[in-house]
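Working notes for the structure below.
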Amino acid sequence: MKLEATNSPFNEQQVQQLNEVLATLTQNQKIWLTGYLSATASIGAQIPEAPAGGVQPPTNVVALPAAAQTKTAKHITILYASQTGNAGGLAKKYGEQLKQVGFEVNVSSMSDFKTNALKKLDHLLVIASTHGEGEPPDNAISFHSFLYGKRAPKLDHVKFAVLSLGDSSYEFFCKTGQDFDEQLEKLGAQRLVDRVDCDLDYDEPAAKWFDSVKVKLEEGEVSPQTIQEAAPTVLDSDVVYSRKNPFKAEILEKINLNAEGSNKETIHLEISLENSGIVFEPGDSLAIYPTNNENLVNALINALGFNAESSVNVDDRAVTLKEALTDLLEITVLSKPVMQKIGEFTLNEEFHALLSDRESFKNYTHGRDLLDVVEKFAPFSWNEQSFVNVLRKLPARQYSISSSLAAYPEEVHLTIGAVRYEVDGRERLGVCSTQVADSLEVGDSVRVYVQQNPNFKLPADDKPMIMVGPGTGVAPFRSFIQEREERGAEGKNWLFFGDQHFVTDFLYQTEWQGWLKSGVLTKLNVAFSRDKEEKVYVQHKMQKHAAEIFEWLEQGAHLYVCGDKDHMAADVHNTLLHIIAEQGNKTEEEAKQYLEDLRKEKRYQRDVY
Amino acid sequence: MVQKIVLPPQEGKPSDVEEIKAESNYLRGSLVESMEDELSSGISDWDNRLMKFHGSYLQDDRDVRLERERKKLEPAYQFMVRVRMPGGVATPEQWLKMDELAEKYGNHTFKITTRQTIQFHGILKWNMKKHMQELNSVLFDTIAACGDVNRNVMCNANPYQSEVHQEIFEISSKISEHLLPRTNAYYEIWLDKEKVVDTQEEQEPIYGSLYLPRKFKIGIAVPPANDVDVFSQDIGLIAVMEDNELVGFNVAIGGGMGMTHGDTATYPQLSRLIGYVSKDKIVDVCEKIMTVQRDYGDRSVRKYARFKYTVDRLGLDTVKQEIESRLGFAFEEAKPFNFEHTGDRYGWIKGEDGKYHFTLFIQNGRVKDFDNYPLKTALREIAQVHKGEFRFTGNQNVVIANVGARTKKAINEIIEKYQLTESDNYSALRRNSIACVALPTCGLAMAESERYLPSLIEKIEEILDNNGLRDQDITIRMSGCPNGCSRAAMGEIGFIGKGPGKYNFYLGASHTGNRLNKIYKENIGEEEILSTLGPIIEHYAKERFDNEYFGDFVIRAGYVEAVTDGRDFHNKA
């Protein structure tokens with residue numbers, strides 16, 4: 001389309017001059033000019049009114065100054081609350097996209113965001129994941145409590161939108177996102193678009209949410225199509241292998257780290273990343289797409305009275321019911337949405353009573369699976385297809401990586417505890433962990449991708465660090481120590497490890513002993529809970545070394561906790577508070593503040609599950 | 001104030017163990033710190049050397065060593081704990097405690113050793129102190145049960161002559177107590193006793209700070225029984241009786257079993273008589289003999305350090321003169337004596353004092369509840385009703401001693417209830433068998449012993465059955481290595497481990513314990529053992545004289561030459 005007086009705000013002479021110049025410009029020069037004109041547009045120049053009637057919005061580059069001028073006024077702040085890095089990843093990706101279309105964007109984790117800047121905000125996008133039982137992730141705790149506290153400012157001037165990430169198998173699904181959504185509204189902010197709650201397969205709903213946010217942000221403004229064409233988005237540089245396109249990786253080694261007689265089964269897995277180009281940092285996780293246990297699938301199909309070979313559609317793809325239940329859909333977790341959908345197919349009163357009572361719902365669904373429901377609440381009015389429609393997609397399982405690329409190039413090691421327990425007289429098997437333990441052998445392949453965890457990262461090489469990782473929680477610290485050894489990092493390293501029995505459960509014992517001998521590991525303290533009459537856990541060992549721990553913290557040590565969230569992490573947290581209060585001669589409040597400050601400085605990082 | 005002990009100078013650099021002893025501050029070393037280290041269930045080699053003096057040392061379950069290495073776990077370290085039990089006597093209360101401790105801290109079994117005591121296996125580091133303290137609660141300690149000191153003093157477990165036994169037992173206790181290390185280290189480390197500030201010389205008036213060059217063993221035999229294998233001891237004492245009264249001892253010195261494969265300068269040796277002393281002097285005699293070894297034993301090369309090599313190097317007469325000069329008197333001429341057997345006599349007998357005694361065969365000394373043979377349970381029940389004592393024999397068996405008529409009935413019922421003496425476990429060959437522990441816990445073992453000998457015996461029994469020899473007493477002994485814990489060099493049939501499934505095969509020791517055996521075939525496996533032994537047994541069945549023992553026959557028939565001096569042990573014909 002050629003620039004003419006009839007389709008532009010310019011007169012004939014201007015059009016002629018512009019066309020002469022434009023003809024000589026390269027694409028890059030045009031883009032530069034766009035930016036230059038936008039930046040200088042506010043200097044005096046009045047924007048001429050567009051001629052009325054019949055004039056199409058200009059779509060080429062020289063038509064942009066007017067639109068660009070309005071956009072520079074729009075500041076967009078994207079705050080994320082991220083535990084495993086998903087929310088942070090989305091925030092950065094969307095931030096880039098908004099920048100590409102000309103917005104001024106600030107992307108920040110909630111912990112890095114200064115709350116006094118809230119007053120100056122005009123557009124706020126919140127991307128928040130939820131941690132465990134509805135708690136905010138570690139890097140969102142202080143911002144969350146600030147918004148709910150007395151000092152939270154009025155936010156009448158703010159337009160906002162919230163995207164929440166979660167896992168519907170938890171009772172308080174997407175709770176943190178919901179909290180932010182509600183509270184921002186209460187503080188007077190106006191909602192741009194409705195909140196979207198995403199389950200584990202969040203890509204699509206998140207993308208839809210972002211599209212509608214973008215539309216709202218651009219509303220009443222000239223569409224910046226040309227620029228989008230001119231500058232390809234950064235997304236194209238994403239690695240080839242991702243959640244949507246996992247890498248098929250070969251298993252190189254598989255070792256049960258526990259000796260005979262142990263109650264535990266912890267699988268050390270070495271996986272090849274050869275030729276994948278996949279990279280990761282210590283602290284990151286590897287996700288594995290599992291398949292459901294064949295016996296369980298068969299029992300389920302049997303209980304349903306369906307034909308395993310009947311064809312069903314999953315994601316517009318025709319597969320057999322057995323394939324769908326084995327490879328594609330989750331059958332071992334009873335989430336609220338799934339149960340609600342199941343409710344549409346049964347009139348069973350007991351079932352509906354479960355749905356309406358929070359406590360009994362929680363009690364019933366805990367540790368049970370779809371087979372329990374099918375066996376207990378039959379009959380159902382579904383057929384193969386409508387049954388399949390009820391289920392959510394089988395999500396990948398994430399495991400903290402236990403190796404360093406520097407130490408083991410083109411490999412990734414995992415440390416996976418096999419989950420087995422019994423409910424109602426039937427043995428229940430962790431989907432991925434028991435597949436790894438029971439079915440996968442050296443030479444087999446698994447589909448994997450790396451899940452970054454920006455909130456669990458090594459400190460600078462000269463900083464001391466204290467690591468608390470009982471059980472499989474020790475995994476990232478093996479990676480940390482390998483990395484520090486390879487880097488020749490001089491910071492001191494102190495590990496607290498624990499498990500049930502010394503003789504059978506001291507994971508990676510000879511490696512730690514070797515690192516102690518070589519000096520890479522400065523200190524190691526261990527707690528074995530079932531070797532003696534009194535149960536000893538890591539927090540007891542920490543308390544025993546209270547003075548030295550506090551000394552390390554005062555020297556700037558970074559503190560890492562990985563492993564069980566419900567008991568261990570809470571006990572360790574309380575012990576830390578106690579140590580800080582006792583050794584630092586502080587009140588309870590001051591100790592809390594001390595730990596909170598550590599968290600803000602990223603010196604207290606947790607990867608708990 | 002005792003005089004400080006100054007050892008005469010020796011050629012050669014002292015061995016590393018000498019250095020460890022010298023720097024240990026009387027056996028303390030860094031044991032306290034090592035035992036508290038929570039990152040390994042083991043201790044350093046250095047401390048383990050000292051640990052031996054405390055009656056224990058570190059082992060690991062060799063069955064799982066490789067697998068654990070793959071699992072990135074250190075070896076399955078565990079401690080062996082050996083009780084000091086002079087004369088091998090335990091009360092029922094002590095038995096019950098040992099039974100309990102084996103369950104609580106050990107591997108659910110205990111082993112009766114070839115030196116009349118018991119040892120536990122599988123004690124984990126963090127249970128050691130409690131284990132030692134609970135032993136102490138029944139007045140047992142483990143001091144000097146291993147290490148370069150005088151070991152458990154053996155004495156004849158002979159149930160026939162009750163009064164003599166009591167006296168012999170008291171003498172063995174007296175010798176043991178007298179030669180016990182005096183250091184307070186044991187009490188400090190294990191029993192939380194306060195550290196005693198003391199001068200070095202006062203701490204060890206007999207040993208000095210370097211203790212002995214090597215282990216030292218004393219045993220007392222009462223003829224006609226040679227159940228202590230008196231000629232295998234560093235000091236062998238042979239009781240001399242007059243009118244059923246103990247009057248004194250014939251003294252033999254310089255016996256010992258250990259050797260090293262491939263080094264003919266090492267050999268098993270028989271102790272040799274140097275004379276007779278009256279019983280009142282015997283403690284002093286033992287001390288002076290031991291101090292000669294203390295001063296002249298080789299402290300440079302440990303495999304040449306035993307007293308037998310000192311005696312052979314200096315000459316028997318020289319050593320005897322040195323002993324006599326330290327004693328201040330000369331030995332009398334040895335009195336005549338006669339041994340009939342080294343093995344035990346099983347079943348009930350009535351002693352001179354009217355009390356009953358039951359000798360129970362315990363295969364390889366292993367007290368354990370076996371499948372279909374709940375031996376440990378049975379003995380626990382016996383200990384619960386028994387009012388006398390348990391005596392361990394040098395052949396790894398137990399005598400339920402000093403039983404009254406009423407209790408005898410109760411004990412007999414238990415024996416029958418559990419079929420402790422049923423024939424499958426009780427053939428003559430089996431009853432004369434000894435095996436050391438070997439795999440999986442012994443670090444020295446080159447081949448199986450305790451876990452293998454029973455099945456080998458089963459196959460040899462077939463040969464004996466076919467030749468009508470099922471009730472013939474033949475001593476058969478197996479060691480997993482050449483160190484000789486089972487005294488394999490004194491078995492009429494002997495096996496010494498060379499490698500997995502492979503043994504050196506020895507023949508020709510005497511049934512009474514006064515002659516060593518000699519190698520007949522080297523490095524052979526089971527098939528060859530059986531095909532070699534078969535024709536010899538057949539030959540023996542056909543051509544033996546009346547009452548001729550198998551060990552004597554093979555010499556008469558020319559299979560091997562008689563070895564009455566260890567220096568001929570390796571000689572080839």
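Simple scheme: letters A, B, ... for chains in structure tokens order, numbers from 1 for residues in each chain, numbers from 1 for ligands in the order shown.
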
Return the neighbours of chain A among the residues of chain B, cut-off 6 Å, counting only C-alpha atoms, as a ChimeraX atom specification.
/B:71-74

Quick one: DSSP alpha helix (DSSP H) residues in range 296-541 of chain B, as a VMD selection string?
chain B and resid 296 307 to 314 316 to 327 375 to 385 405 to 417 428 to 431 453 to 466 526 to 541

For the atom pair CA of His413 in chain A and CA of Asp201 in chain A, what is the interatomic distance in Å to one decimal place?
24.7 Å

Quick one: pick out all strand (DSSP E or B) residues within range 199-250 of chain B from a backbone DSSP run and write them as a short mmCIF file (atom, residue, chain, number, x, y, z; two decimals) with N, CA and C atoms, in the first residue's frame.
data_model
loop_
_atom_site.label_atom_id
_atom_site.label_comp_id
_atom_site.auth_asym_id
_atom_site.auth_seq_id
_atom_site.Cartn_x
_atom_site.Cartn_y
_atom_site.Cartn_z
N PHE B 216 49.59 -63.51 72.13
CA PHE B 216 50.25 -64.50 72.98
C PHE B 216 49.18 -65.36 73.63
N ILE B 218 47.93 -68.82 75.95
CA ILE B 218 48.24 -69.78 77.02
C ILE B 218 47.06 -70.75 77.17
N GLY B 219 47.35 -72.04 77.29
CA GLY B 219 46.29 -73.02 77.51
C GLY B 219 46.73 -74.10 78.49
N ILE B 220 45.78 -74.60 79.26
CA ILE B 220 46.09 -75.64 80.25
C ILE B 220 45.30 -76.91 79.93
N ALA B 221 46.03 -78.02 79.77
CA ALA B 221 45.38 -79.30 79.48
C ALA B 221 45.47 -80.22 80.69
N VAL B 222 44.44 -81.04 80.84
CA VAL B 222 44.46 -82.06 81.89
C VAL B 222 44.39 -83.44 81.21
N ALA B 225 42.80 -85.69 78.34
CA ALA B 225 42.13 -84.85 77.34
C ALA B 225 43.07 -83.72 76.88
N ILE B 235 52.27 -70.79 75.30
CA ILE B 235 52.63 -71.54 76.51
C ILE B 235 51.57 -72.62 76.71
N GLY B 236 52.00 -73.88 76.63
CA GLY B 236 51.08 -74.98 76.89
C GLY B 236 51.40 -75.58 78.25
N LEU B 237 50.41 -75.62 79.11
CA LEU B 237 50.62 -76.17 80.44
C LEU B 237 49.88 -77.49 80.54
N ILE B 238 50.60 -78.53 80.96
CA ILE B 238 49.99 -79.85 81.07
C ILE B 238 49.93 -80.20 82.56
N ALA B 239 48.70 -80.33 83.04
CA ALA B 239 48.51 -80.55 84.47
C ALA B 239 49.14 -81.89 84.88
N VAL B 240 49.82 -81.87 85.99
CA VAL B 240 50.39 -83.10 86.52
C VAL B 240 49.69 -83.42 87.85
N MET B 241 49.15 -84.63 87.92
CA MET B 241 48.36 -85.03 89.08
C MET B 241 49.12 -86.09 89.88
N GLU B 242 48.93 -86.01 91.18
CA GLU B 242 49.40 -87.11 92.04
C GLU B 242 48.27 -87.42 92.99
N GLU B 245 45.34 -85.29 92.85
CA GLU B 245 45.55 -83.91 93.28
C GLU B 245 46.46 -83.21 92.26
N LEU B 246 46.14 -82.00 91.96
CA LEU B 246 47.00 -81.23 91.08
C LEU B 246 48.25 -80.81 91.84
N VAL B 247 49.42 -81.14 91.26
CA VAL B 247 50.65 -80.74 91.95
C VAL B 247 51.45 -79.71 91.16
N GLY B 248 51.37 -79.77 89.86
CA GLY B 248 52.15 -78.82 89.07
C GLY B 248 51.90 -79.01 87.60
N PHE B 249 52.81 -78.42 86.80
CA PHE B 249 52.59 -78.44 85.35
C PHE B 249 53.87 -78.75 84.58
N ASN B 250 53.73 -79.54 83.56
CA ASN B 250 54.75 -79.58 82.52
C ASN B 250 54.54 -78.34 81.65
#

Pick from B:Tyr186, B:Tyr346, B:Leu124, B:Ala541: nearest to Gly29 in chain B, with only C-alpha atoms counted?
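For Gly29 in chain B, the nearest of the candidates is B:Tyr186.
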
For range 286-299 of chain A, list every protein, DNA or RNA residue within 6 Å, evaluated using only C-alpha atoms, and leave out those in the same chain fewer than 5 positions away; present the list as a list in words.
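Residues near the query, excluding close chain neighbours: Thr326, Asp327, Ala396, Arg397, Gln398, Tyr399, Val431, Cys432, Arg447, Val448, Tyr449, Val450 and Gln451 of chain A.
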
With C-alpha atoms retained, write the just-selected residues as a compact mmCIF listing (two decimals), in the first residue's frame.
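So the final result, stored in selection_39.txt, reads:
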# COMPACT_ATOMS: atom_id res chain seq x y z
CA THR A 326 -2.19 -45.34 29.82
CA ASP A 327 -0.41 -42.53 28.07
CA ALA A 396 4.78 -34.63 33.71
CA ARG A 397 6.37 -35.28 37.10
CA GLN A 398 9.18 -33.00 38.17
CA TYR A 399 12.29 -34.02 40.02
CA VAL A 431 2.75 -42.99 38.84
CA CYS A 432 6.17 -41.90 37.75
CA ARG A 447 10.26 -38.09 27.56
CA VAL A 448 11.75 -35.21 29.48
CA TYR A 449 12.13 -31.46 29.57
CA VAL A 450 13.91 -29.07 31.89
CA GLN A 451 11.93 -26.97 34.30

Could you list, as a list in words, every residue within 6 Å of Asn453 in chain A, counting only C-alpha atoms and ignoring same-chain residues fewer than 5 positions away?
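Skipping anything fewer than 5 positions along the chain leaves Thr84, Gly85 and Asp284 of chain A.
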
Quick one: write out the picked residues with all heavy atoms as a tab-separated table (two decimals), in the first residue's frame?
chain	number	residue	atom	x	y	z
A	84	THR	N	8.36	-22.86	41.12
A	84	THR	CA	9.20	-23.72	40.29
A	84	THR	C	9.67	-23.02	39.03
A	84	THR	O	10.43	-23.58	38.26
A	84	THR	CB	8.41	-24.97	39.86
A	84	THR	OG1	7.26	-24.54	39.14
A	84	THR	CG2	7.97	-25.78	41.05
A	85	GLY	N	9.23	-21.79	38.80
A	85	GLY	CA	9.73	-21.06	37.64
A	85	GLY	C	8.73	-20.91	36.50
A	85	GLY	O	8.97	-20.14	35.56
A	284	ASP	N	17.66	-26.55	39.04
A	284	ASP	CA	16.54	-26.79	38.12
A	284	ASP	C	16.00	-28.20	38.31
A	284	ASP	O	16.61	-29.05	38.94
A	284	ASP	CB	17.00	-26.61	36.67
A	284	ASP	CG	17.27	-25.14	36.33
A	284	ASP	OD1	16.80	-24.28	37.11
A	284	ASP	OD2	17.94	-24.88	35.32

Set the distance at 12 Å and use only C-alpha atoms: which residues neighbour His157 in chain A once local chain neighbours fewer than 6 positions away are removed? I'd like the list as number ranges by chain.
A: 118-124, 184-185, 187-191

Could you take the residues named above and write them with N, CA and C atoms, as an mmCIF file, in the first residue's frame?
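For reference, result28.cif as written:
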data_model
loop_
_atom_site.group_PDB
_atom_site.id
_atom_site.type_symbol
_atom_site.label_atom_id
_atom_site.label_comp_id
_atom_site.auth_asym_id
_atom_site.auth_seq_id
_atom_site.Cartn_x
_atom_site.Cartn_y
_atom_site.Cartn_z
ATOM 1 N N LEU A 118 3.908 0.790 44.216
ATOM 2 C CA LEU A 118 2.513 0.488 43.884
ATOM 3 C C LEU A 118 1.742 1.760 43.526
ATOM 4 N N LYS A 119 2.079 2.850 44.201
ATOM 5 C CA LYS A 119 1.349 4.094 43.994
ATOM 6 C C LYS A 119 1.516 4.620 42.585
ATOM 7 N N LYS A 120 2.654 4.297 41.985
ATOM 8 C CA LYS A 120 2.931 4.836 40.653
ATOM 9 C C LYS A 120 2.466 3.917 39.538
ATOM 10 N N LEU A 121 1.927 2.758 39.907
ATOM 11 C CA LEU A 121 1.517 1.795 38.878
ATOM 12 C C LEU A 121 0.329 2.294 38.087
ATOM 13 N N ASP A 122 0.264 1.899 36.796
ATOM 14 C CA ASP A 122 -1.035 2.083 36.159
ATOM 15 C C ASP A 122 -1.600 0.770 35.610
ATOM 16 N N HIS A 123 -0.731 -0.097 35.079
ATOM 17 C CA HIS A 123 -1.229 -1.405 34.645
ATOM 18 C C HIS A 123 -0.448 -2.507 35.332
ATOM 19 N N LEU A 124 -1.159 -3.393 35.965
ATOM 20 C CA LEU A 124 -0.494 -4.470 36.697
ATOM 21 C C LEU A 124 -0.999 -5.821 36.232
ATOM 22 N N LEU A 184 -6.786 -7.148 45.024
ATOM 23 C CA LEU A 184 -6.549 -5.984 44.165
ATOM 24 C C LEU A 184 -7.872 -5.263 43.917
ATOM 25 N N GLU A 185 -8.917 -6.044 43.733
ATOM 26 C CA GLU A 185 -10.225 -5.429 43.522
ATOM 27 C C GLU A 185 -10.655 -4.666 44.775
ATOM 28 N N LEU A 187 -8.887 -3.284 46.906
ATOM 29 C CA LEU A 187 -8.089 -2.057 47.077
ATOM 30 C C LEU A 187 -8.445 -1.011 46.029
ATOM 31 N N GLY A 188 -9.428 -1.312 45.206
ATOM 32 C CA GLY A 188 -9.929 -0.300 44.285
ATOM 33 C C GLY A 188 -9.446 -0.428 42.852
ATOM 34 N N ALA A 189 -8.601 -1.395 42.590
ATOM 35 C CA ALA A 189 -8.097 -1.547 41.221
ATOM 36 C C ALA A 189 -9.178 -2.107 40.309
ATOM 37 N N GLN A 190 -9.055 -1.778 38.994
ATOM 38 C CA GLN A 190 -10.084 -2.243 38.059
ATOM 39 C C GLN A 190 -9.555 -3.400 37.225
ATOM 40 N N ARG A 191 -10.417 -4.390 37.067
ATOM 41 C CA ARG A 191 -10.006 -5.611 36.382
ATOM 42 C C ARG A 191 -10.048 -5.398 34.873
#

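Within the 9 Å cut-off around Phe53 in chain B, using only C-alpha atoms and omitting residues fewer than 3 positions from it on the same chain, the listed residues are Leu27, Arg49, Leu50, Ser56, Tyr57, Thr142, Ile143, Ala144, Ala145, Cys146, Gly147, Asp148, Val149, Pro181 and Tyr186 of chain B.
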
Near-Asn275 in chain A list (12 Å; only C-alpha atoms; drop same-chain fewer than 6 positions) as a tab-separated table (two decimals) with N, CA and C atoms, in the first residue's frame:
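Now in result-v1.tsv:
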chain	number	residue	atom	x	y	z
A	240	VAL	N	14.38	-26.04	21.41
A	240	VAL	CA	13.55	-26.95	20.64
A	240	VAL	C	12.75	-27.87	21.55
A	241	TYR	N	13.42	-28.34	22.63
A	241	TYR	CA	12.73	-29.28	23.52
A	241	TYR	C	12.09	-28.54	24.67
A	247	PHE	N	12.01	-34.11	25.12
A	247	PHE	CA	13.11	-34.85	24.50
A	247	PHE	C	13.03	-36.31	24.92
A	248	LYS	N	13.23	-37.16	23.94
A	248	LYS	CA	13.23	-38.60	24.23
A	248	LYS	C	14.64	-38.99	24.66
A	249	ALA	N	14.80	-39.24	25.94
A	249	ALA	CA	16.14	-39.41	26.50
A	249	ALA	C	16.37	-40.84	26.96
A	250	GLU	N	17.57	-41.32	26.72
A	250	GLU	CA	17.90	-42.70	27.08
A	250	GLU	C	18.41	-42.79	28.51
A	409	PRO	N	28.74	-33.63	31.57
A	409	PRO	CA	28.20	-32.98	30.38
A	409	PRO	C	27.26	-33.92	29.63
A	410	GLU	N	26.21	-33.34	29.10
A	410	GLU	CA	25.23	-34.08	28.31
A	410	GLU	C	24.58	-35.23	29.08
A	411	GLU	N	24.50	-35.06	30.41
A	411	GLU	CA	23.78	-36.02	31.22
A	411	GLU	C	22.96	-35.27	32.24

Minimum-distance residue to Gly255 in chain B, chosen among B:Thr475, B:Gln161, B:Thr310, B:Ser278 (using only C-alpha atoms)
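Answer, going by the shortest atom-to-atom distance: B:Thr310.
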
Would you mind reading off the distance between CA of Ala128 in chain A and CA of Leu165 in chain A, one decimal, in Å?
6.0 Å
